[in-house]
>>> print(open('upload_14.cif').read())   # mmCIF, C-alpha atoms; chains and numbers go by the auth columns
data_final
loop_
_atom_site.group_PDB
_atom_site.id
_atom_site.type_symbol
_atom_site.label_atom_id
_atom_site.label_comp_id
_atom_site.label_asym_id
_atom_site.label_seq_id
_atom_site.Cartn_x
_atom_site.Cartn_y
_atom_site.Cartn_z
_atom_site.B_iso_or_equiv
_atom_site.auth_seq_id
_atom_site.auth_asym_id
ATOM 1 C CA MET A 1 -29.715 -7.838 -12.468 0.00 25 B
ATOM 2 C CA ALA A 2 -26.678 -9.497 -10.921 0.00 26 B
ATOM 3 C CA MET A 3 -23.261 -9.592 -12.521 0.00 27 B
ATOM 4 C CA GLU A 4 -21.182 -12.638 -13.295 0.00 28 B
ATOM 5 C CA ALA A 5 -17.565 -13.115 -12.258 0.00 29 B
ATOM 6 C CA HIS A 6 -16.245 -12.879 -15.816 0.00 30 B
ATOM 7 C CA GLU A 7 -17.983 -9.513 -16.286 0.00 31 B
ATOM 8 C CA ILE A 8 -16.351 -8.077 -13.170 0.00 32 B
ATOM 9 C CA GLU A 9 -12.986 -9.464 -14.226 0.00 33 B
ATOM 10 C CA ALA A 10 -13.360 -7.902 -17.685 0.00 34 B
ATOM 11 C CA LEU A 11 -14.075 -4.479 -16.175 0.00 35 B
ATOM 12 C CA ILE A 12 -10.994 -4.667 -13.965 0.00 36 B
ATOM 13 C CA ARG A 13 -8.817 -6.153 -16.718 0.00 37 B
ATOM 14 C CA ALA A 14 -9.648 -3.216 -19.006 0.00 38 B
ATOM 15 C CA SER A 15 -7.739 -0.973 -16.568 0.00 39 B
ATOM 16 C CA PHE A 16 -5.200 -3.548 -15.384 0.00 40 B
ATOM 17 C CA PRO A 17 -4.443 -5.782 -18.392 0.00 41 B
ATOM 18 C CA GLU A 18 -1.461 -7.569 -16.793 0.00 42 B
ATOM 19 C CA ALA A 19 -3.032 -8.093 -13.357 0.00 43 B
ATOM 20 C CA LYS A 20 -3.654 -11.387 -11.644 0.00 44 B
ATOM 21 C CA ILE A 21 -7.363 -11.160 -10.823 0.00 45 B
ATOM 22 C CA THR A 22 -9.376 -13.549 -8.679 0.00 46 B
ATOM 23 C CA ILE A 23 -13.125 -13.016 -8.332 0.00 47 B
ATOM 24 C CA THR A 24 -15.117 -14.795 -5.622 0.00 48 B
ATOM 25 C CA ASP A 25 -18.893 -14.869 -5.111 0.00 49 B
ATOM 26 C CA LEU A 26 -19.120 -14.353 -1.338 0.00 50 B
ATOM 27 C CA ALA A 27 -22.775 -15.225 -0.803 0.00 51 B
ATOM 28 C CA GLY A 28 -23.590 -17.392 -3.817 0.00 52 B
ATOM 29 C CA ASP A 29 -26.161 -14.841 -4.922 0.00 53 B
ATOM 30 C CA GLY A 30 -24.278 -13.004 -7.672 0.00 54 B
ATOM 31 C CA ASN A 31 -24.566 -9.752 -5.709 0.00 55 B
ATOM 32 C CA HIS A 32 -21.771 -9.888 -3.142 0.00 56 B
ATOM 33 C CA TRP A 33 -18.310 -10.248 -4.618 0.00 57 B
ATOM 34 C CA ALA A 34 -14.684 -10.128 -3.591 0.00 58 B
ATOM 35 C CA ALA A 35 -11.844 -9.327 -5.957 0.00 59 B
ATOM 36 C CA GLU A 36 -8.148 -9.844 -5.400 0.00 60 B
ATOM 37 C CA VAL A 37 -6.121 -7.764 -7.824 0.00 61 B
ATOM 38 C CA ILE A 38 -2.345 -8.116 -7.952 0.00 62 B
ATOM 39 C CA ASP A 39 -0.671 -5.671 -10.304 0.00 63 B
ATOM 40 C CA GLU A 40 2.767 -4.107 -10.690 0.00 64 B
ATOM 41 C CA SER A 41 1.200 -0.653 -11.036 0.00 65 B
ATOM 42 C CA PHE A 42 0.320 -0.822 -7.334 0.00 66 B
ATOM 43 C CA ARG A 43 3.965 -0.861 -6.258 0.00 67 B
ATOM 44 C CA GLY A 44 4.708 2.174 -4.080 0.00 68 B
ATOM 45 C CA LYS A 45 1.042 3.149 -3.763 0.00 69 B
ATOM 46 C CA SER A 46 -0.962 3.081 -0.566 0.00 70 B
ATOM 47 C CA ARG A 47 -3.717 0.523 -0.198 0.00 71 B
ATOM 48 C CA ILE A 48 -6.259 3.353 -0.481 0.00 72 B
ATOM 49 C CA GLN A 49 -4.734 4.490 -3.793 0.00 73 B
ATOM 50 C CA GLN A 50 -4.757 0.914 -5.082 0.00 74 B
ATOM 51 C CA GLN A 51 -8.383 0.336 -4.139 0.00 75 B
ATOM 52 C CA ARG A 52 -9.511 3.685 -5.531 0.00 76 B
ATOM 53 C CA ALA A 53 -7.960 2.719 -8.858 0.00 77 B
ATOM 54 C CA VAL A 54 -9.868 -0.578 -8.930 0.00 78 B
ATOM 55 C CA ASN A 55 -13.086 1.107 -7.814 0.00 79 B
ATOM 56 C CA ALA A 56 -12.714 3.563 -10.696 0.00 80 B
ATOM 57 C CA ALA A 57 -12.599 0.593 -13.085 0.00 81 B
ATOM 58 C CA VAL A 58 -15.973 -0.710 -11.876 0.00 82 B
ATOM 59 C CA LYS A 59 -17.620 2.626 -10.987 0.00 83 B
ATOM 60 C CA SER A 60 -20.132 2.631 -13.830 0.00 84 B
ATOM 61 C CA GLU A 61 -21.540 -0.737 -12.761 0.00 85 B
ATOM 62 C CA ILE A 62 -21.682 0.284 -9.093 0.00 86 B
ATOM 63 C CA ASP A 63 -23.412 3.559 -9.998 0.00 87 B
ATOM 64 C CA SER A 64 -25.951 1.733 -12.162 0.00 88 B
ATOM 65 C CA GLY A 65 -26.739 -0.709 -9.350 0.00 89 B
ATOM 66 C CA LYS A 66 -25.698 -3.722 -11.393 0.00 90 B
ATOM 67 C CA LEU A 67 -22.730 -4.362 -9.067 0.00 91 B
ATOM 68 C CA HIS A 68 -23.989 -4.237 -5.499 0.00 92 B
ATOM 69 C CA ALA A 69 -20.984 -5.073 -3.312 0.00 93 B
ATOM 70 C CA LEU A 70 -17.320 -5.637 -4.093 0.00 94 B
ATOM 71 C CA ALA A 71 -14.755 -6.276 -1.358 0.00 95 B
ATOM 72 C CA LEU A 72 -11.223 -5.572 -2.572 0.00 96 B
ATOM 73 C CA THR A 73 -7.802 -6.949 -1.796 0.00 97 B
ATOM 74 C CA THR A 74 -5.048 -5.260 -3.750 0.00 98 B
ATOM 75 C CA LYS A 75 -1.266 -5.518 -3.786 0.00 99 B
ATOM 76 C CA ALA A 76 1.825 -5.443 -5.931 0.00 100 B
ATOM 77 C CA PRO A 77 3.357 -8.814 -6.875 0.00 101 B
ATOM 78 C CA ASP A 78 5.890 -10.312 -4.449 0.00 102 B
#
>>> encode(input="upload_14.cif", output="structure tokens")
Amino acid sequence: MAMEAHEIEALIRASFPEAKITITDLAGDGNHWAAEVIDESFRGKSRIQQQRAVNAAVKSEIDSGKLHALALTTKAPD
């Protein structure tokens, strides 16, 4: 079963409540998503650390197979 954008956003927002989050359906199939997450907590962290933190927020859905693919863009606010 595919996920919807608001479900992915809710998972990420649970870990990053103040983040600016943009979710995009890359293929129009509900299975291939991109997320841009901009959050102050990323300041001073490497891109790998940032993306690991976001992946941890959605891990249960990836492990269950409900979330198939999620491309991430992360950064601290300008």
>>> residues_around(input="upload_14.cif", residues="His92 of chain B", least_positions_apart="2", cutoff="10 Å", atoms="all atoms listed in the file", output="ChimeraX atom specification")
/B:25-27,54-57,85-90,94
>>> atom_distance(input="upload_14.cif", atom1="atom CA of Thr46 of chain B", atom2="atom CA of Val78 of chain B")
13.0 Å
>>> resolve_selection(input="upload_14.cif", expression="the PyMOL selection byres ((chain B and resi 60) around 6)", output="number ranges by chain")
B: 45-46, 59, 61, 96-98
>>> write_last_selection(input="upload_14.cif", atoms="C-alpha atoms", output="PDB file, in the frame of the given file")
ATOM      1  CA  ILE B  45      -7.363 -11.160 -10.823  1.00  0.00           C
ATOM      2  CA  THR B  46      -9.376 -13.549  -8.679  1.00  0.00           C
ATOM      3  CA  ALA B  59     -11.844  -9.327  -5.957  1.00  0.00           C
ATOM      4  CA  VAL B  61      -6.121  -7.764  -7.824  1.00  0.00           C
ATOM      5  CA  LEU B  96     -11.223  -5.572  -2.572  1.00  0.00           C
ATOM      6  CA  THR B  97      -7.802  -6.949  -1.796  1.00  0.00           C
ATOM      7  CA  THR B  98      -5.048  -5.260  -3.750  1.00  0.00           C
TER       8      THR B  98
END
>>> closest_residue(input="upload_14.cif", among="B:Ile47, B:Ala29, B:Ile36, B:Ala100", to="Arg71 of chain B", atoms="all atoms listed in the file")
B:Ala100
>>> closest_residue(input="upload_14.cif", among="B:Ile62, B:Gly68, B:Phe40, B:His30", to="Ala80 of chain B", atoms="only C-alpha atoms")
B:Phe40
>>> closest_residue(input="upload_14.cif", among="B:Ala93, B:Thr48, B:Lys99, B:Arg37", to="Gln75 of chain B", atoms="only C-alpha atoms")
B:Lys99
>>> residues_near_point(input="upload_14.cif", point="(-0.6, -0.4, -11.6)", cutoff="9 Å", atoms="only C-alpha atoms", output="VMD selection string")
chain B and resid 39 to 40 42 to 43 62 to 67 69 74 77 100
